[in-house]
Structure formats: C-alpha cells, structure tokens
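Engineer: Here you go, this is final11.csv (CSV, C-alpha atoms).
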```csv
chain,number,residue,atom,x,y,z
A,1,MET,CA,17.1,-25.1,6.9
A,2,ASN,CA,17.2,-23.6,10.4
A,3,THR,CA,20.7,-22.1,10.8
A,4,PRO,CA,21.1,-18.9,12.9
A,5,SER,CA,21.7,-16.8,9.8
A,6,TYR,CA,18.6,-18.1,8.1
A,7,SER,CA,16.5,-17.5,11.2
A,8,HIS,CA,17.8,-13.9,11.3
A,9,PHE,CA,17.0,-13.5,7.7
A,10,LEU,CA,13.4,-14.7,8.2
A,11,ARG,CA,12.9,-12.5,11.2
A,12,LEU,CA,14.2,-9.4,9.4
A,13,ALA,CA,12.0,-10.3,6.3
A,14,ARG,CA,8.9,-10.3,8.5
A,15,ILE,CA,9.8,-7.0,10.1
A,16,THR,CA,10.4,-5.5,6.7
A,17,LEU,CA,7.0,-6.7,5.5
A,18,ILE,CA,5.4,-4.8,8.5
A,19,PHE,CA,7.3,-1.7,7.5
A,20,VAL,CA,6.0,-2.0,3.9
A,21,TYR,CA,2.5,-1.7,5.4
A,22,LEU,CA,3.6,1.2,7.6
A,23,VAL,CA,4.8,3.1,4.5
A,24,ILE,CA,1.5,2.5,2.8
A,25,ILE,CA,-0.4,3.8,5.9
A,26,ALA,CA,1.9,6.8,6.2
A,27,GLY,CA,1.3,7.6,2.5
A,28,SER,CA,-2.4,7.5,3.1
A,29,VAL,CA,-2.2,9.8,6.1
A,30,VAL,CA,-0.2,12.3,3.9
A,31,ARG,CA,-3.0,12.1,1.3
A,32,VAL,CA,-6.0,12.6,3.6
A,33,THR,CA,-4.4,15.4,5.5
A,34,GLY,CA,-3.3,17.2,2.3
A,35,SER,CA,0.3,17.1,3.3
A,36,GLY,CA,1.8,16.0,0.0
A,37,MET,CA,3.3,19.4,-0.6
A,38,GLY,CA,4.3,19.8,3.1
A,39,CYS,CA,7.9,19.5,1.8
A,40,PRO,CA,8.1,21.3,-1.6
A,41,ASP,CA,11.6,19.9,-2.3
A,42,TRP,CA,13.1,16.4,-2.3
A,43,PRO,CA,14.9,14.6,-0.7
A,44,LYS,CA,15.4,17.5,1.8
A,45,CYS,CA,12.5,19.5,3.3
A,46,PHE,CA,12.8,23.3,2.8
A,47,GLY,CA,16.5,22.6,2.2
A,48,HIS,CA,17.0,20.8,5.5
A,49,TRP,CA,17.3,17.1,6.5
A,50,ILE,CA,15.4,17.9,9.7
A,51,PRO,CA,12.3,19.9,8.7
A,52,PRO,CA,11.5,23.3,10.3
A,53,THR,CA,8.9,23.7,13.0
A,54,ASN,CA,8.2,27.4,12.5
A,55,VAL,CA,8.0,29.8,9.6
A,56,SER,CA,10.6,32.0,11.3
A,57,GLN,CA,13.2,29.3,10.4
A,58,LEU,CA,12.5,30.0,6.7
A,59,PRO,CA,13.7,32.9,4.5
A,60,PRO,CA,11.1,35.7,4.1
A,61,ASP,CA,10.5,34.8,0.4
A,62,TYR,CA,10.4,31.0,0.9
A,63,GLN,CA,7.1,30.7,-1.1
A,64,ASN,CA,8.9,31.9,-4.2
A,65,ILE,CA,12.2,30.2,-3.5
A,66,TYR,CA,10.5,26.8,-3.4
A,67,ARG,CA,8.2,27.5,-6.3
A,68,VAL,CA,6.6,24.3,-7.9
A,69,GLN,CA,5.9,24.4,-11.6
A,70,GLY,CA,6.4,28.1,-11.6
A,71,HIS,CA,3.8,28.8,-8.9
A,72,PRO,CA,4.5,30.0,-5.3
A,73,ILE,CA,3.8,27.3,-2.7
A,74,GLU,CA,1.2,27.6,0.0
A,75,GLN,CA,1.9,29.2,3.4
A,76,PHE,CA,4.1,27.1,5.7
A,77,ASN,CA,2.1,24.6,7.9
A,78,ALA,CA,4.3,22.8,10.5
A,79,TRP,CA,1.8,19.9,10.8
A,80,LYS,CA,1.8,19.2,7.1
A,81,THR,CA,5.5,19.5,6.8
A,82,TRP,CA,6.2,17.0,9.6
A,83,THR,CA,3.5,14.6,8.3
A,84,GLU,CA,5.2,14.5,5.0
A,85,SER,CA,8.7,14.3,6.6
A,86,LEU,CA,7.6,11.4,8.8
A,87,ASN,CA,6.4,9.6,5.7
A,88,ARG,CA,9.8,10.0,4.2
A,89,TYR,CA,11.5,8.8,7.4
A,90,VAL,CA,9.5,5.6,7.5
A,91,THR,CA,10.3,5.0,3.8
A,92,GLY,CA,13.9,5.6,4.6
A,93,ILE,CA,13.8,3.0,7.4
A,94,LEU,CA,12.2,0.6,4.9
A,95,GLY,CA,15.1,1.2,2.5
A,96,ILE,CA,17.6,0.4,5.3
A,97,LEU,CA,15.8,-2.8,6.2
A,98,LEU,CA,15.7,-3.9,2.6
A,99,ALA,CA,19.4,-3.3,2.3
A,100,LEU,CA,20.1,-5.4,5.4
A,101,GLN,CA,17.8,-8.1,4.1
A,102,LEU,CA,19.9,-8.1,0.9
A,103,LEU,CA,23.1,-8.4,2.9
A,104,LEU,CA,21.8,-11.3,4.9
A,105,ALA,CA,20.6,-13.0,1.7
A,106,PHE,CA,24.0,-12.5,0.1
A,107,ARG,CA,25.5,-14.5,3.0
A,108,LEU,CA,23.1,-17.3,2.3
A,109,ARG,CA,23.5,-17.2,-1.5
A,110,LYS,CA,25.5,-20.5,-1.8
A,111,THR,CA,22.5,-22.5,-0.5
A,112,GLN,CA,19.7,-20.0,-1.2
A,113,ALA,CA,20.6,-18.4,-4.6
A,114,SER,CA,17.0,-17.9,-5.6
A,115,LEU,CA,16.2,-16.2,-2.3
A,116,PHE,CA,19.1,-13.8,-2.8
A,117,ARG,CA,17.8,-12.8,-6.3
A,118,LEU,CA,14.3,-12.3,-4.9
A,119,THR,CA,15.6,-9.7,-2.4
A,120,LEU,CA,16.7,-7.5,-5.3
A,121,ILE,CA,13.1,-7.0,-6.5
A,122,PRO,CA,11.7,-5.0,-3.6
A,123,ILE,CA,14.9,-2.9,-3.5
A,124,LEU,CA,14.6,-2.0,-7.2
A,125,LEU,CA,10.9,-1.2,-6.7
A,126,THR,CA,11.6,1.0,-3.7
A,127,VAL,CA,14.2,3.0,-5.7
A,128,LEU,CA,11.5,3.5,-8.3
A,129,VAL,CA,9.0,4.6,-5.7
A,130,ALA,CA,11.4,7.0,-4.2
A,131,GLY,CA,12.2,8.5,-7.6
A,132,LEU,CA,8.5,8.7,-8.5
A,133,GLY,CA,7.9,10.4,-5.1
A,134,ALA,CA,10.3,13.1,-6.2
A,135,PHE,CA,8.3,13.6,-9.5
A,136,VAL,CA,5.1,13.7,-7.5
A,137,VAL,CA,6.4,16.7,-5.6
A,138,LEU,CA,7.9,18.3,-8.7
A,139,THR,CA,4.6,18.0,-10.6
A,140,ASN,CA,2.5,19.3,-7.6
A,141,LEU,CA,0.8,16.0,-6.9
A,142,LYS,CA,-0.1,14.9,-10.5
A,143,THR,CA,-2.9,12.4,-10.2
A,144,SER,CA,-1.5,9.8,-12.6
A,145,LEU,CA,1.8,9.7,-10.8
A,146,ILE,CA,0.0,9.3,-7.4
A,147,THR,CA,-1.8,6.2,-8.8
A,148,ALA,CA,1.5,4.8,-10.2
A,149,HIS,CA,3.1,5.4,-6.8
A,150,MET,CA,0.4,3.4,-5.1
A,151,LEU,CA,0.6,0.6,-7.7
A,152,LEU,CA,4.4,0.3,-7.1
A,153,SER,CA,3.8,0.2,-3.4
A,154,LEU,CA,1.5,-2.8,-3.8
A,155,LEU,CA,4.2,-4.5,-5.9
A,156,ILE,CA,6.7,-4.0,-3.1
A,157,LEU,CA,4.2,-5.5,-0.7
A,158,ALA,CA,3.6,-8.5,-3.0
A,159,SER,CA,7.4,-9.1,-3.6
A,160,GLN,CA,8.2,-8.8,0.1
A,161,ALA,CA,5.4,-11.1,1.1
A,162,PHE,CA,6.7,-13.6,-1.4
A,163,ILE,CA,10.1,-13.5,0.2
A,164,VAL,CA,8.6,-14.2,3.6
A,165,PHE,CA,6.5,-17.0,2.2
A,166,ARG,CA,9.5,-18.7,0.5
A,167,ALA,CA,11.8,-18.2,3.5
A,168,SER,CA,9.2,-19.6,6.0
A,169,ASN,CA,8.6,-22.8,4.1
A,170,SER,CA,4.9,-22.0,4.6
A,171,GLN,CA,2.5,-24.9,4.7
A,172,LYS,CA,0.9,-25.7,1.3
A,173,ILE,CA,-2.8,-25.8,0.8
A,174,LYS,CA,-3.1,-29.6,0.3
A,175,ALA,CA,-6.3,-30.3,-1.5
A,176,SER,CA,-7.9,-30.8,-4.9
A,177,THR,CA,-7.4,-27.2,-6.0
A,178,SER,CA,-8.2,-27.7,-9.7
A,179,GLY,CA,-9.6,-24.4,-11.1
A,180,LEU,CA,-9.0,-22.6,-7.8
A,181,LYS,CA,-5.7,-21.0,-8.8
A,182,PRO,CA,-7.2,-19.1,-11.8
A,183,LEU,CA,-10.1,-18.0,-9.6
A,184,LEU,CA,-7.8,-16.6,-6.9
A,185,ILE,CA,-5.6,-14.9,-9.3
A,186,GLY,CA,-8.6,-13.3,-10.9
A,187,ILE,CA,-9.8,-12.1,-7.6
A,188,LEU,CA,-6.4,-10.7,-6.8
A,189,LEU,CA,-6.3,-8.7,-10.0
A,190,LEU,CA,-9.7,-7.4,-9.4
A,191,THR,CA,-8.7,-6.3,-6.0
A,192,LEU,CA,-5.7,-4.5,-7.5
A,193,ILE,CA,-8.0,-2.7,-10.0
A,194,GLN,CA,-10.3,-1.8,-7.1
A,195,ILE,CA,-7.5,-0.2,-5.1
A,196,ILE,CA,-6.4,1.8,-8.2
A,197,LEU,CA,-10.0,2.9,-8.7
A,198,GLY,CA,-10.1,4.0,-5.0
A,199,THR,CA,-6.9,6.0,-5.6
A,200,GLU,CA,-8.6,7.7,-8.6
A,201,VAL,CA,-11.7,8.5,-6.5
A,202,ARG,CA,-9.5,10.0,-3.8
A,203,SER,CA,-7.6,12.1,-6.4
A,204,ARG,CA,-10.8,13.5,-7.8
A,205,VAL,CA,-12.1,14.2,-4.3
A,206,ASP,CA,-8.9,16.2,-3.6
A,207,VAL,CA,-9.6,18.3,-6.7
A,208,LEU,CA,-13.2,18.9,-5.7
A,209,LEU,CA,-12.4,19.8,-2.1
A,210,LYS,CA,-10.6,22.9,-3.5
A,211,THR,CA,-13.9,24.2,-4.9
A,212,PHE,CA,-16.4,22.9,-2.4
A,213,ASP,CA,-17.1,24.4,1.0
A,214,GLU,CA,-16.0,22.2,4.0
A,215,GLY,CA,-19.6,22.0,5.0
A,216,ALA,CA,-20.5,20.5,1.5
A,217,ARG,CA,-18.1,17.5,1.8
A,218,GLY,CA,-21.2,15.2,1.8
A,219,ASN,CA,-22.1,16.3,-1.7
A,220,ILE,CA,-18.7,15.6,-3.2
A,221,LEU,CA,-18.9,11.9,-4.0
A,222,PRO,CA,-21.8,12.1,-6.5
A,223,GLU,CA,-19.7,14.7,-8.4
A,224,VAL,CA,-16.8,12.3,-8.7
A,225,GLY,CA,-18.4,10.6,-11.7
A,226,ARG,CA,-18.5,7.0,-13.0
A,227,VAL,CA,-15.3,6.0,-11.3
A,228,PHE,CA,-17.0,6.2,-7.9
A,229,TYR,CA,-19.8,3.9,-9.0
A,230,ASN,CA,-17.3,1.5,-10.6
A,231,HIS,CA,-15.5,1.4,-7.3
A,232,GLY,CA,-18.6,0.3,-5.5
A,233,PHE,CA,-19.5,-2.2,-8.2
A,234,PHE,CA,-16.1,-3.8,-8.0
A,235,ALA,CA,-16.3,-4.1,-4.2
A,236,TRP,CA,-19.5,-6.2,-4.3
A,237,THR,CA,-18.2,-8.3,-7.3
A,238,ILE,CA,-15.0,-9.1,-5.4
A,239,LEU,CA,-17.0,-10.0,-2.2
A,240,ILE,CA,-19.2,-12.4,-4.2
A,241,LEU,CA,-16.2,-14.0,-5.9
A,242,ASN,CA,-14.5,-14.4,-2.5
A,243,LEU,CA,-17.6,-16.1,-1.1
A,244,PHE,CA,-17.5,-18.5,-4.0
A,245,ALA,CA,-13.8,-19.2,-3.4
A,246,ALA,CA,-14.4,-19.6,0.3
A,247,PHE,CA,-17.1,-22.2,-0.4
A,248,ARG,CA,-14.7,-24.1,-2.7
A,249,ILE,CA,-12.1,-24.2,0.1
A,250,TRP,CA,-14.4,-24.9,3.0
A,251,LYS,CA,-16.2,-27.9,1.4
A,252,ASP,CA,-12.8,-29.7,1.0
A,253,LYS,CA,-12.2,-31.5,4.3
A,254,GLU,CA,-8.5,-32.0,3.5
A,255,VAL,CA,-7.7,-28.3,3.4
A,256,TYR,CA,-5.5,-27.2,6.3
A,257,GLN,CA,-7.3,-25.3,9.0
A,258,ALA,CA,-4.7,-22.5,8.7
A,259,VAL,CA,-5.9,-21.9,5.2
A,260,LYS,CA,-9.6,-21.8,6.3
A,261,LYS,CA,-8.6,-19.2,8.9
A,262,ILE,CA,-7.2,-17.0,6.2
A,263,VAL,CA,-10.5,-17.3,4.3
A,264,TRP,CA,-12.4,-16.4,7.4
A,265,ALA,CA,-10.2,-13.4,8.0
A,266,LEU,CA,-10.7,-12.3,4.4
A,267,LEU,CA,-14.4,-12.3,4.7
A,268,CYS,CA,-14.4,-10.5,8.0
A,269,LEU,CA,-12.0,-7.8,6.5
A,270,PHE,CA,-14.3,-7.4,3.5
A,271,LEU,CA,-17.2,-6.7,5.8
A,272,LEU,CA,-15.1,-4.1,7.7
A,273,GLU,CA,-13.9,-2.6,4.4
A,274,ILE,CA,-17.5,-2.3,3.0
A,275,GLY,CA,-18.5,-0.7,6.4
A,276,ALA,CA,-15.6,1.8,6.1
A,277,GLY,CA,-16.6,2.6,2.5
A,278,ALA,CA,-20.2,3.1,3.6
A,279,THR,CA,-19.1,5.4,6.4
A,280,LEU,CA,-17.1,7.5,4.0
A,281,SER,CA,-20.0,7.8,1.7
A,282,LEU,CA,-22.7,8.5,4.3
A,283,PHE,CA,-20.8,10.7,6.7
A,284,ALA,CA,-19.1,13.2,4.5
A,285,LEU,CA,-15.7,11.5,4.1
A,286,PRO,CA,-14.5,11.5,7.7
A,287,VAL,CA,-10.7,12.0,7.5
A,288,TYR,CA,-9.9,9.3,10.2
A,289,ILE,CA,-11.7,6.6,8.2
A,290,GLN,CA,-9.8,7.1,5.0
A,291,PRO,CA,-6.4,5.6,6.1
A,292,VAL,CA,-8.4,2.7,7.7
A,293,HIS,CA,-10.1,2.1,4.4
A,294,LEU,CA,-6.8,1.9,2.5
A,295,LEU,CA,-5.2,-0.3,5.3
A,296,LEU,CA,-8.0,-2.8,5.1
A,297,ALA,CA,-7.7,-2.9,1.3
A,298,THR,CA,-3.9,-3.6,1.4
A,299,VAL,CA,-4.3,-6.3,4.1
A,300,ILE,CA,-7.0,-7.9,2.0
A,301,PHE,CA,-4.7,-7.8,-1.0
A,302,GLY,CA,-1.9,-9.3,1.1
A,303,LEU,CA,-4.1,-12.2,2.3
A,304,GLN,CA,-5.4,-12.9,-1.2
A,305,TRP,CA,-1.8,-13.0,-2.5
A,306,LEU,CA,-0.9,-15.4,0.3
A,307,LEU,CA,-3.7,-17.8,-0.9
A,308,VAL,CA,-2.5,-17.6,-4.5
A,309,MET,CA,1.1,-18.5,-3.3
A,310,LYS,CA,-0.2,-21.4,-1.3
A,311,VAL,CA,-2.2,-22.8,-4.2
A,312,SER,CA,0.7,-22.2,-6.6
A,313,ARG,CA,2.9,-24.3,-4.2
A,314,GLU,CA,0.4,-27.1,-4.3
A,315,HIS,CA,0.4,-27.1,-8.1
A,316,LYS,CA,4.2,-27.4,-8.1
A,317,ASN,CA,4.4,-30.3,-5.8
```
Represent the structure of the file as structure tokens.
Structural biologist:
Amino acid sequence: MNTPSYSHFLRLARITLIFVYLVIIAGSVVRVTGSGMGCPDWPKCFGHWIPPTNVSQLPPDYQNIYRVQGHPIEQFNAWKTWTESLNRYVTGILGILLALQLLLAFRLRKTQASLFRLTLIPILLTVLVAGLGAFVVLTNLKTSLITAHMLLSLLILASQAFIVFRASNSQKIKASTSGLKPLLIGILLLTLIQIILGTEVRSRVDVLLKTFDEGARGNILPEVGRVFYNHGFFAWTILILNLFAAFRIWKDKEVYQAVKKIVWALLCLFLLEIGAGATLSLFALPVYIQPVHLLLATVIFGLQWLLVMKVSREHKN
C-alpha cells in the first residue's frame, strides 16, 4: 500500500519515533543536572504554564507555598526550572504527535485495522508516563518511581518502533534463523535489565552526591555497592552474546546486507557505550557523558528490538 494517506502516516510515525528518543534524552539531561525538582508542581511550573526566569516573579514565601512532602523546596534556580520545563514541552509535543498518528491511523482503519489498534499502545503508555511523572515530583524524586518512569519510556520506544516497522513493510531477515530468535530476545531482555541497573546506579549516585564533596566525585562509584558491579558484568555479558549472534548472522550468506549493517552498527555502538561507561568511571562522572551513555543504550535497545522484529517476521512467513 502506497496511498498518500499511508505515506503521511509512515512519515509521521518516523518523526514520532525520533521524538521518543528526544524525550528520553531530555529526561536524562534533567537527571544529570539535578533539575527534577526545577518545577515543584505539575503540570504547571510554579503555577504558570510559562516558567519564571527570575525569583522576583515568585511570591516571597514560594519555598513554603510549593512544599513537597511537607518540606520547603530549594532556592529558585532558573536553569533547573527551564531544563525541567523544556523536558515537559518535548513530552507534550510527543503527545500531540501520537494523537495525530492515531487520527491518521483512524482514517486507515478499514484497510489497516491492526495498525490503528497498535497506535493506541504508545498513547496509553505516554499517559501513564505523564501521570507517573507527576508522582515523581510529588514524592520528591522517589528512586523506584524514576526507574518505573524509565521502563515505561522504553516500552513507548518499543511500541512506536514496532508501528514504524509494520507500516514500512520492512525487509525480513531471510535466512535459516533457527534458534536465533530466542537468542535475540534474551539479549534484548538483558539489555533492558542493564538499562534498569544503570538507572539504579544513577539514583544511588544522586543520593551520594548530597553527602560527598564535589571534589570527591571520583570516589562515589565504589560506594554505590553491588548494583554498580552488576551493571558492569551485564555490559560484558551482553557484548559477548551480541558477538555470538553477529557470528550466527554473518556466516549465513543469504542474510540481507541491511541486516548485517544493523549488526555492525550494534557492535560499534557497544564499543562506544563501554567507552562512555569507562569514561564515567575513570574521570569522576563527567556530566556531559551521562546523557550520551543513556542515549547509546537506548539506540542499542532499539536496534536489538529491530532485529527481533525482523526475525519474528521471518518465522511467520
């Protein structure tokens, strides 16, 4: 099918997928800059849709007015307030794109009923993420809620990528893939666990930063505990399993070159990801590397999910 409406839907679905990544990046920037409480209320920011730029725009007792869990908030910081606000704006744009995607899918429902149903999934997940985001603020950045927020974001990414995959009639893997699908699914699940462990590491670092001197940042990671070492162990395990899967795919001469390029990209991204992790560990957690670390992880997750979808398509044909 290549009608104008279908082409518009596919183009919008791809743009929406890009915005899912932008939302994840924006959330990461909020975390590493400590801007999660830059707006102590939700959905407004200090009672305004357009956040203030100066403390003079707030009432004198704003720290008590916007108390969180009974405690006064920190002093106003325009940078943190706008960082959190921009994160909310990007998420809002994503919500609009998802609504437009649903509208276009509704117009195609007579011939693409399953595609219309699929577009409901990321919308429902985004509503959950938005609601959870409100609870994150109300609970003063509770660690378990932050982890759940990240997990839901990855589910939105997976569901939107699946919509793009289905709509684009993507080329199947074409090859003797016996045993490859369970391997790829296992790697994908391990990557998901790895990202969750990374979120836990980051949360514990945030807590420790409140008690450590800025000059002692390099000594924080050993204090994180077992979760930090598990995070490193999973990284090497996933790399080894990906090398094994890559060997399985490369040795089959009938596999499409496009699929082999995905495998090459995955291995290159893994090397960059391990390099970013080593940089964080060896150079006292440089702030600018942390969003890169998460971005690489989510791109890896997306490419692994793409391989799983391609292999699943082969098994159905």
Engineer: Of the candidates A:Ser168, A:Leu100, A:Ser114, A:Ile300, which one gets nearest to A:Leu188 if we count all atoms listed in the file?
Structural biologist: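 Of the candidates, the smallest distance to A:Leu188 is held by A:Ile300.
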Engineer: Using all atoms listed in the file and a cutoff of 9 Å, can you tell me which residues are near (-10.5, -4.9, 7.0) in the file's coordinates, and write them out as a short mmCIF file (atom, residue, chain, number, x, y, z; two decimals) with C-alpha atoms, in the frame of the given file?
Structural biologist:
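result22.cif written:
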```cif
data_model
loop_
_atom_site.label_atom_id
_atom_site.label_comp_id
_atom_site.auth_asym_id
_atom_site.auth_seq_id
_atom_site.Cartn_x
_atom_site.Cartn_y
_atom_site.Cartn_z
CA ALA A 265 -10.20 -13.40 8.00
CA LEU A 266 -10.70 -12.30 4.40
CA LEU A 267 -14.40 -12.30 4.70
CA CYS A 268 -14.40 -10.50 8.00
CA LEU A 269 -12.00 -7.80 6.50
CA PHE A 270 -14.30 -7.40 3.50
CA LEU A 271 -17.20 -6.70 5.80
CA LEU A 272 -15.10 -4.10 7.70
CA GLU A 273 -13.90 -2.60 4.40
CA ILE A 274 -17.50 -2.30 3.00
CA ALA A 276 -15.60 1.80 6.10
CA VAL A 292 -8.40 2.70 7.70
CA HIS A 293 -10.10 2.10 4.40
CA LEU A 294 -6.80 1.90 2.50
CA LEU A 295 -5.20 -0.30 5.30
CA LEU A 296 -8.00 -2.80 5.10
CA ALA A 297 -7.70 -2.90 1.30
CA THR A 298 -3.90 -3.60 1.40
CA VAL A 299 -4.30 -6.30 4.10
CA ILE A 300 -7.00 -7.90 2.00
#
```
Engineer: Hey, which of A:Leu209, A:Pro291, A:Leu184, A:Gly198 ends up closest to A:Ala246? Count only C-alpha atoms.
Structural biologist: A:Leu184
Engineer: Pick from A:Asn54, A:Gln304, A:Ser153, A:Thr83: nearest to A:Val29, with only C-alpha atoms counted?
Structural biologist: A:Thr83
Engineer: Give the answer as one residue: which of A:Thr191, A:Ser281, A:Asn77, A:Ser5 has the shortest atom-to-atom distance to A:Val205, using all atoms listed in the file?
Structural biologist: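 Ranked by minimum distance to A:Val205, first place goes to A:Ser281.
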Engineer: Rounded to one decimal in Å, what is the spacing between atom CA of A:Gly27 and atom CA of A:Phe234?
Structural biologist: 23.3 Å
Engineer: With all atoms listed in the file as the atoms that count, which of A:Phe244, A:Arg202, A:Gly302, A:Val207 lies nearest to A:Leu285?
Structural biologist: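 Nearest candidate to A:Leu285 out of A:Phe244, A:Arg202, A:Gly302, A:Val207: A:Arg202.
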Engineer: When distances are computed from all atoms listed in the file, which of A:Ile15, A:Thr211, A:Pro40, A:Leu94 shows the smallest separation from A:Pro72?
Structural biologist: A:Pro40
Engineer: Could you jot down the atom CA of A:Leu155 to atom CA of A:Gly131 separation for me, Å, one decimal place?
Structural biologist: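 Answer for the atom CA of A:Leu155 to atom CA of A:Gly131 separation: 15.4 Å.
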Engineer: What separation in Å, quoted to one decimal, exists between atom CA of A:Met150 and atom CA of A:Leu22?
Structural biologist: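 Spanning atom CA of A:Met150 to atom CA of A:Leu22 is a straight-line distance of 13.3 Å.
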Engineer: So that I can check the surroundings of stretch 192-195 of chain A, please list as a list in words every protein, DNA and RNA residue that reaches within 10 Å of it, counting only C-alpha atoms and ignoring chain neighbours fewer than 6 positions away.
Structural biologist: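 The residues that qualify are Thr147, Met150, Leu151, Leu154, Gly186, Val201, Asn230, His231, Gly232, Phe233, Phe234, Ala235, Ile238, Leu294, Ala297, Thr298 and Phe301 of chain A.
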Engineer: Hey, can you spit out that residue selection with C-alpha atoms as a PDB file, in the coordinates of the input?
Structural biologist:
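Wrote it out as part20.pdb, contents follow:
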```
ATOM      1  CA  THR A 147      -1.800   6.200  -8.800  1.00  0.00           C
ATOM      2  CA  MET A 150       0.400   3.400  -5.100  1.00  0.00           C
ATOM      3  CA  LEU A 151       0.600   0.600  -7.700  1.00  0.00           C
ATOM      4  CA  LEU A 154       1.500  -2.800  -3.800  1.00  0.00           C
ATOM      5  CA  GLY A 186      -8.600 -13.300 -10.900  1.00  0.00           C
ATOM      6  CA  VAL A 201     -11.700   8.500  -6.500  1.00  0.00           C
ATOM      7  CA  ASN A 230     -17.300   1.500 -10.600  1.00  0.00           C
ATOM      8  CA  HIS A 231     -15.500   1.400  -7.300  1.00  0.00           C
ATOM      9  CA  GLY A 232     -18.600   0.300  -5.500  1.00  0.00           C
ATOM     10  CA  PHE A 233     -19.500  -2.200  -8.200  1.00  0.00           C
ATOM     11  CA  PHE A 234     -16.100  -3.800  -8.000  1.00  0.00           C
ATOM     12  CA  ALA A 235     -16.300  -4.100  -4.200  1.00  0.00           C
ATOM     13  CA  ILE A 238     -15.000  -9.100  -5.400  1.00  0.00           C
ATOM     14  CA  LEU A 294      -6.800   1.900   2.500  1.00  0.00           C
ATOM     15  CA  ALA A 297      -7.700  -2.900   1.300  1.00  0.00           C
ATOM     16  CA  THR A 298      -3.900  -3.600   1.400  1.00  0.00           C
ATOM     17  CA  PHE A 301      -4.700  -7.800  -1.000  1.00  0.00           C
TER      18      PHE A 301
END
```
Engineer: Identify the residues within 6 Å of coordinate (14.9, -13.3, 4.4) (same frame as the file), considering only C-alpha atoms, and give the answer as JSON, numbers by chain.
Structural biologist: {"A": [9, 10, 13, 101, 167]}
Engineer: Quick one: write out the picked residues with C-alpha atoms as a compact mmCIF listing (two decimals), in the frame of the given file?
Structural biologist:
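File written: result_3.txt
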```
# COMPACT_ATOMS: atom_id res chain seq x y z
CA PHE A 9 17.00 -13.50 7.70
CA LEU A 10 13.40 -14.70 8.20
CA ALA A 13 12.00 -10.30 6.30
CA GLN A 101 17.80 -8.10 4.10
CA ALA A 167 11.80 -18.20 3.50
```
Engineer: Write out as a list of chain:residue names each polymer residue whose atoms come within 12 Å of A:Leu108, counting all atoms listed in the file; drop sequence neighbours fewer than 5 positions from it.
Structural biologist: A:Met1, A:Asn2, A:Thr3, A:Pro4, A:Ser5, A:Tyr6, A:Ser7, A:His8, A:Phe9, A:Leu10, A:Gln101, A:Leu102, A:Leu103, A:Ala113, A:Ser114, A:Leu115, A:Phe116, A:Arg117, A:Thr119, A:Ala167
Engineer: Quick one: write out the picked residues with C-alpha atoms as a PDB file, in the coordinates of the input?
Structural biologist:
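For reference, again_37.pdb as written:
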```pdb
ATOM      1  CA  MET A   1      17.100 -25.100   6.900  1.00  0.00           C
ATOM      2  CA  ASN A   2      17.200 -23.600  10.400  1.00  0.00           C
ATOM      3  CA  THR A   3      20.700 -22.100  10.800  1.00  0.00           C
ATOM      4  CA  PRO A   4      21.100 -18.900  12.900  1.00  0.00           C
ATOM      5  CA  SER A   5      21.700 -16.800   9.800  1.00  0.00           C
ATOM      6  CA  TYR A   6      18.600 -18.100   8.100  1.00  0.00           C
ATOM      7  CA  SER A   7      16.500 -17.500  11.200  1.00  0.00           C
ATOM      8  CA  HIS A   8      17.800 -13.900  11.300  1.00  0.00           C
ATOM      9  CA  PHE A   9      17.000 -13.500   7.700  1.00  0.00           C
ATOM     10  CA  LEU A  10      13.400 -14.700   8.200  1.00  0.00           C
ATOM     11  CA  GLN A 101      17.800  -8.100   4.100  1.00  0.00           C
ATOM     12  CA  LEU A 102      19.900  -8.100   0.900  1.00  0.00           C
ATOM     13  CA  LEU A 103      23.100  -8.400   2.900  1.00  0.00           C
ATOM     14  CA  ALA A 113      20.600 -18.400  -4.600  1.00  0.00           C
ATOM     15  CA  SER A 114      17.000 -17.900  -5.600  1.00  0.00           C
ATOM     16  CA  LEU A 115      16.200 -16.200  -2.300  1.00  0.00           C
ATOM     17  CA  PHE A 116      19.100 -13.800  -2.800  1.00  0.00           C
ATOM     18  CA  ARG A 117      17.800 -12.800  -6.300  1.00  0.00           C
ATOM     19  CA  THR A 119      15.600  -9.700  -2.400  1.00  0.00           C
ATOM     20  CA  ALA A 167      11.800 -18.200   3.500  1.00  0.00           C
TER      21      ALA A 167
END
```
